[in-house]
Amino acid sequence: SSVCSDRLRSSMRSSQKACRRHALQRRPQLAIMSADRLESVKAGVIASLSGAFGVAPLSVGLEFLAGEGLLSAQWELSIDMLALSLFFFGIIYRYAVRQDESAMLRQGAAGAFAVVRAASALNAPENCSPIPLQCGPPLGYFSWAMLAQGSLMLAEGLIAFGLAALAMDYAFQKKWLKQAPGHISATAGNDKTGSA
């Protein structure tokens, strides 16, 4: 009986030691993951603040020119949702550009977010008929009013996401924000070493 309990205690001690060793080995990995997550949150905050505050004066001016007053509930909701989009843009932009210096990649990331924002903000006027969507001249699917609305939203998005990208690039240069590790090569599909 004492032999069994001695073996059990010895087995438990070696199991506890193995668990401690495993936990100590994982600590650096968890610290790296936590640091990377913190950098992603920082990227989101930088993008959100720079883009939203950068485009807000233009947006307020357009609201005023449209005769909707200086600050409406719709304006606030629009800026809040833009700030949320910019937050996620910052996280994705950090990983998209990594250590790459391609201006086309940087501009493409900002442009893609601006196009998606503009397209998702379009409203069909009441005179549109569904299936197939017909809204009138000049294109049938898109009326003049929809094209004007989409153009304004696209311009606002390009400014907001462009400012966010510039602010993040500046933060990368000043070392306030760390770029995601790794490099995306021209043969990214075949490259096994260029991953994060």
# chains A, B, ... in the order shown; residues from 1 in each chain; ligands from 1
call {"tool": "closest_atom_pairs", "arguments": {"of": "stretch 127-188 of chain A", "to": "stretch 104-115 of chain A", "cutoff": "9 Å", "atoms": "only C-alpha atoms", "output": "tab-separated table"}}
result
residue	atom	partner	partner_atom	distance
A:Met153	CA	A:Ala114	CA	8.0
A:Leu154	CA	A:Ala114	CA	5.8
A:Ala155	CA	A:Ala114	CA	8.0
A:Glu156	CA	A:Ala114	CA	7.9
A:Gly157	CA	A:Ala114	CA	4.3
A:Leu158	CA	A:Ala114	CA	5.3
A:Ile159	CA	A:Ala114	CA	8.5
A:Ala160	CA	A:Ala114	CA	8.1
A:Phe161	CA	A:Ala110	CA	5.2
A:Gly162	CA	A:Ala110	CA	5.8
A:Ala164	CA	A:Ala110	CA	8.4
A:Ala165	CA	A:Ala110	CA	6.9
call {"tool": "closest_atom_pairs", "arguments": {"of": "stretch 93-136 of chain A", "to": "stretch 176-179 of chain A", "cutoff": "9 Å", "atoms": "only C-alpha atoms", "output": "Markdown table"}}
result
| residue | atom | partner | partner_atom | distance |
| --- | --- | --- | --- | --- |
| A:Arg94 | CA | A:Gln179 | CA | 6.0 |
| A:Tyr95 | CA | A:Gln179 | CA | 7.5 |
| A:Val97 | CA | A:Gln179 | CA | 7.9 |
| A:Arg98 | CA | A:Gln179 | CA | 5.4 |
| A:Gln99 | CA | A:Gln179 | CA | 6.6 |
call {"tool": "atom_distance", "arguments": {"atom1": "atom CA of A:Ser78", "atom2": "atom CA of A:Ala96"}}
result
25.6 Å
call {"tool": "atom_distance", "arguments": {"atom1": "atom CA of A:Leu166", "atom2": "atom CA of A:Ala47"}}
result
8.9 Å
call {"tool": "residues_around", "arguments": {"residues": "stretch 62-66 of chain A", "least_positions_apart": "2", "cutoff": "12 Å", "atoms": "only C-alpha atoms", "output": "PyMOL selection string"}}
result
chain A and resi 55-60+68-76+78-79+149+152-153+155-156
call {"tool": "residues_around", "arguments": {"residues": "stretch 86-88 of chain A", "least_positions_apart": "3", "cutoff": "9 Å", "atoms": "only C-alpha atoms", "output": "ChimeraX atom specification"}}
result
/A:41,43-52,81-83,91-93,113,160-161,164
call {"tool": "select_by_dssp", "arguments": {"residues": "stretch 10-176 of chain A", "states": "alpha helix (DSSP H)", "output": "ChimeraX atom specification"}}
result
/A:10-65,73-97,103-120,144-173
call {"tool": "write_last_selection", "arguments": {"atoms": "C-alpha atoms", "output": "short mmCIF file (atom, residue, chain, number, x, y, z; two decimals), in the first residue's frame"}}
result
data_model
loop_
_atom_site.label_atom_id
_atom_site.label_comp_id
_atom_site.auth_asym_id
_atom_site.auth_seq_id
_atom_site.Cartn_x
_atom_site.Cartn_y
_atom_site.Cartn_z
CA SER A 10 6.09 10.47 -7.44
CA SER A 11 3.90 10.31 -10.54
CA MET A 12 1.92 13.37 -9.40
CA ARG A 13 5.14 15.32 -8.71
CA SER A 14 6.58 14.54 -12.14
CA SER A 15 3.23 15.42 -13.74
CA GLN A 16 3.15 18.75 -11.88
CA LYS A 17 6.73 19.48 -12.94
CA ALA A 18 5.83 18.73 -16.56
CA CYS A 19 2.83 21.06 -16.32
CA ARG A 20 5.00 23.84 -14.86
CA ARG A 21 7.61 23.38 -17.60
CA HIS A 22 4.88 23.51 -20.25
CA ALA A 23 3.41 26.69 -18.72
CA LEU A 24 6.83 28.34 -18.60
CA GLN A 25 7.49 27.40 -22.22
CA ARG A 26 4.13 28.88 -23.31
CA ARG A 27 4.62 32.16 -21.40
CA PRO A 28 6.83 33.83 -24.06
CA GLN A 29 4.42 32.74 -26.79
CA LEU A 30 1.47 34.20 -24.87
CA ALA A 31 3.42 37.41 -24.25
CA ILE A 32 4.13 37.74 -27.99
CA MET A 33 0.44 37.16 -28.79
CA SER A 34 -0.60 39.73 -26.19
CA ALA A 35 1.90 42.29 -27.51
CA ASP A 36 0.67 41.71 -31.07
CA ARG A 37 -2.95 42.15 -29.98
CA LEU A 38 -2.04 45.37 -28.21
CA GLU A 39 -0.37 46.65 -31.40
CA SER A 40 -3.53 45.76 -33.35
CA VAL A 41 -5.72 47.69 -30.89
CA LYS A 42 -3.31 50.64 -31.14
CA ALA A 43 -3.56 50.45 -34.94
CA GLY A 44 -7.35 50.46 -34.73
CA VAL A 45 -7.42 53.45 -32.39
CA ILE A 46 -4.96 55.46 -34.49
CA ALA A 47 -6.94 54.76 -37.67
CA SER A 48 -10.29 55.45 -36.03
CA LEU A 49 -9.30 58.76 -34.45
CA SER A 50 -7.29 60.13 -37.38
CA GLY A 51 -9.83 59.19 -40.05
CA ALA A 52 -12.99 60.18 -38.17
CA PHE A 53 -11.63 63.49 -36.85
CA GLY A 54 -10.02 64.23 -40.20
CA VAL A 55 -13.23 63.83 -42.18
CA ALA A 56 -15.64 65.29 -39.58
CA PRO A 57 -15.22 68.97 -40.63
CA LEU A 58 -15.91 68.09 -44.28
CA SER A 59 -18.87 65.99 -43.25
CA VAL A 60 -20.33 68.77 -41.08
CA GLY A 61 -19.92 71.22 -43.95
CA LEU A 62 -21.73 68.91 -46.37
CA GLU A 63 -24.55 68.44 -43.84
CA PHE A 64 -24.89 72.20 -43.52
CA LEU A 65 -24.87 72.74 -47.31
CA ALA A 73 -28.61 62.28 -35.41
CA GLN A 74 -27.94 60.71 -38.83
CA TRP A 75 -24.64 62.58 -39.09
CA GLU A 76 -23.54 61.32 -35.67
CA LEU A 77 -24.53 57.75 -36.53
CA SER A 78 -22.65 57.98 -39.82
CA ILE A 79 -19.47 59.29 -38.16
CA ASP A 80 -19.72 56.67 -35.39
CA MET A 81 -20.05 53.85 -37.94
CA LEU A 82 -17.18 55.35 -39.95
CA ALA A 83 -15.04 55.33 -36.78
CA LEU A 84 -15.92 51.65 -36.23
CA SER A 85 -15.04 50.83 -39.85
CA LEU A 86 -11.78 52.76 -39.46
CA PHE A 87 -10.93 50.77 -36.33
CA PHE A 88 -11.18 47.49 -38.25
CA PHE A 89 -9.39 49.07 -41.21
CA GLY A 90 -6.46 49.90 -38.91
CA ILE A 91 -6.15 46.30 -37.77
CA ILE A 92 -6.39 44.91 -41.30
CA TYR A 93 -4.10 47.58 -42.77
CA ARG A 94 -1.40 46.71 -40.23
CA TYR A 95 -1.43 43.10 -41.39
CA ALA A 96 -1.93 43.88 -45.08
CA VAL A 97 1.10 46.12 -45.44
CA ALA A 103 2.44 52.08 -52.45
CA MET A 104 -0.11 50.21 -54.57
CA LEU A 105 -0.88 47.80 -51.73
CA ARG A 106 -1.31 50.67 -49.26
CA GLN A 107 -3.54 52.70 -51.60
CA GLY A 108 -5.49 49.60 -52.60
CA ALA A 109 -6.32 48.75 -48.99
CA ALA A 110 -7.63 52.27 -48.31
CA GLY A 111 -9.50 52.39 -51.63
CA ALA A 112 -11.16 49.02 -51.08
CA PHE A 113 -12.54 50.10 -47.70
CA ALA A 114 -13.77 53.41 -49.20
CA VAL A 115 -15.59 51.64 -52.07
CA VAL A 116 -17.27 49.17 -49.72
CA ARG A 117 -18.37 51.99 -47.39
CA ALA A 118 -19.78 54.04 -50.29
CA ALA A 119 -21.60 51.08 -51.84
CA SER A 120 -23.14 50.00 -48.54
CA TRP A 144 -28.50 60.66 -60.78
CA ALA A 145 -29.35 61.02 -57.09
CA MET A 146 -27.78 57.64 -56.28
CA LEU A 147 -24.65 58.48 -58.27
CA ALA A 148 -24.31 61.81 -56.44
CA GLN A 149 -24.81 60.13 -53.06
CA GLY A 150 -22.32 57.38 -53.91
CA SER A 151 -19.75 59.90 -55.16
CA LEU A 152 -19.96 61.93 -51.95
CA MET A 153 -19.68 58.81 -49.80
CA LEU A 154 -16.74 57.58 -51.89
CA ALA A 155 -14.95 60.93 -51.53
CA GLU A 156 -15.59 60.91 -47.77
CA GLY A 157 -14.33 57.32 -47.51
CA LEU A 158 -11.21 57.99 -49.59
CA ILE A 159 -10.36 60.95 -47.37
CA ALA A 160 -11.07 59.10 -44.11
CA PHE A 161 -9.29 55.85 -44.98
CA GLY A 162 -6.49 57.74 -46.73
CA LEU A 163 -5.90 59.88 -43.63
CA ALA A 164 -6.00 56.77 -41.45
CA ALA A 165 -3.40 55.05 -43.67
CA LEU A 166 -1.17 58.14 -43.59
CA ALA A 167 -1.46 58.38 -39.80
CA MET A 168 -0.59 54.70 -39.43
CA ASP A 169 2.38 54.99 -41.79
CA TYR A 170 3.60 57.98 -39.77
CA ALA A 171 3.17 55.97 -36.55
CA PHE A 172 5.17 53.10 -38.14
CA GLN A 173 7.98 55.52 -39.07
#
call {"tool": "select_by_dssp", "arguments": {"residues": "stretch 23-192 of chain A", "states": "strand (DSSP E or B)", "output": "PDB file with N, CA and C atoms, in the first residue's frame"}}
result
ATOM      1  N   SER A 129     -38.063  50.778 -58.816  1.00  0.00           N
ATOM      2  CA  SER A 129     -38.872  49.563 -58.808  1.00  0.00           C
ATOM      3  C   SER A 129     -37.947  48.356 -58.677  1.00  0.00           C
ATOM      4  N   GLN A 134     -34.757  49.228 -61.042  1.00  0.00           N
ATOM      5  CA  GLN A 134     -34.809  50.312 -62.028  1.00  0.00           C
ATOM      6  C   GLN A 134     -35.069  51.608 -61.283  1.00  0.00           C
ATOM      7  N   GLY A 136     -34.086  54.818 -62.806  1.00  0.00           N
ATOM      8  CA  GLY A 136     -34.158  55.941 -63.733  1.00  0.00           C
ATOM      9  C   GLY A 136     -32.814  56.286 -64.340  1.00  0.00           C
ATOM     10  N   PRO A 138     -29.264  58.046 -65.171  1.00  0.00           N
ATOM     11  CA  PRO A 138     -28.730  57.775 -66.495  1.00  0.00           C
ATOM     12  C   PRO A 138     -28.485  56.290 -66.767  1.00  0.00           C
ATOM     13  N   GLY A 140     -30.307  53.503 -65.305  1.00  0.00           N
ATOM     14  CA  GLY A 140     -31.387  52.577 -64.986  1.00  0.00           C
ATOM     15  C   GLY A 140     -31.247  52.027 -63.573  1.00  0.00           C
ATOM     16  N   SER A 143     -29.709  55.958 -60.374  1.00  0.00           N
ATOM     17  CA  SER A 143     -30.222  57.261 -60.796  1.00  0.00           C
ATOM     18  C   SER A 143     -29.159  58.328 -60.544  1.00  0.00           C
TER      19      SER A 143
END
call {"tool": "atom_distance", "arguments": {"atom1": "atom CA of A:Ser102", "atom2": "atom CA of A:Gly182"}}
result
14.1 Å
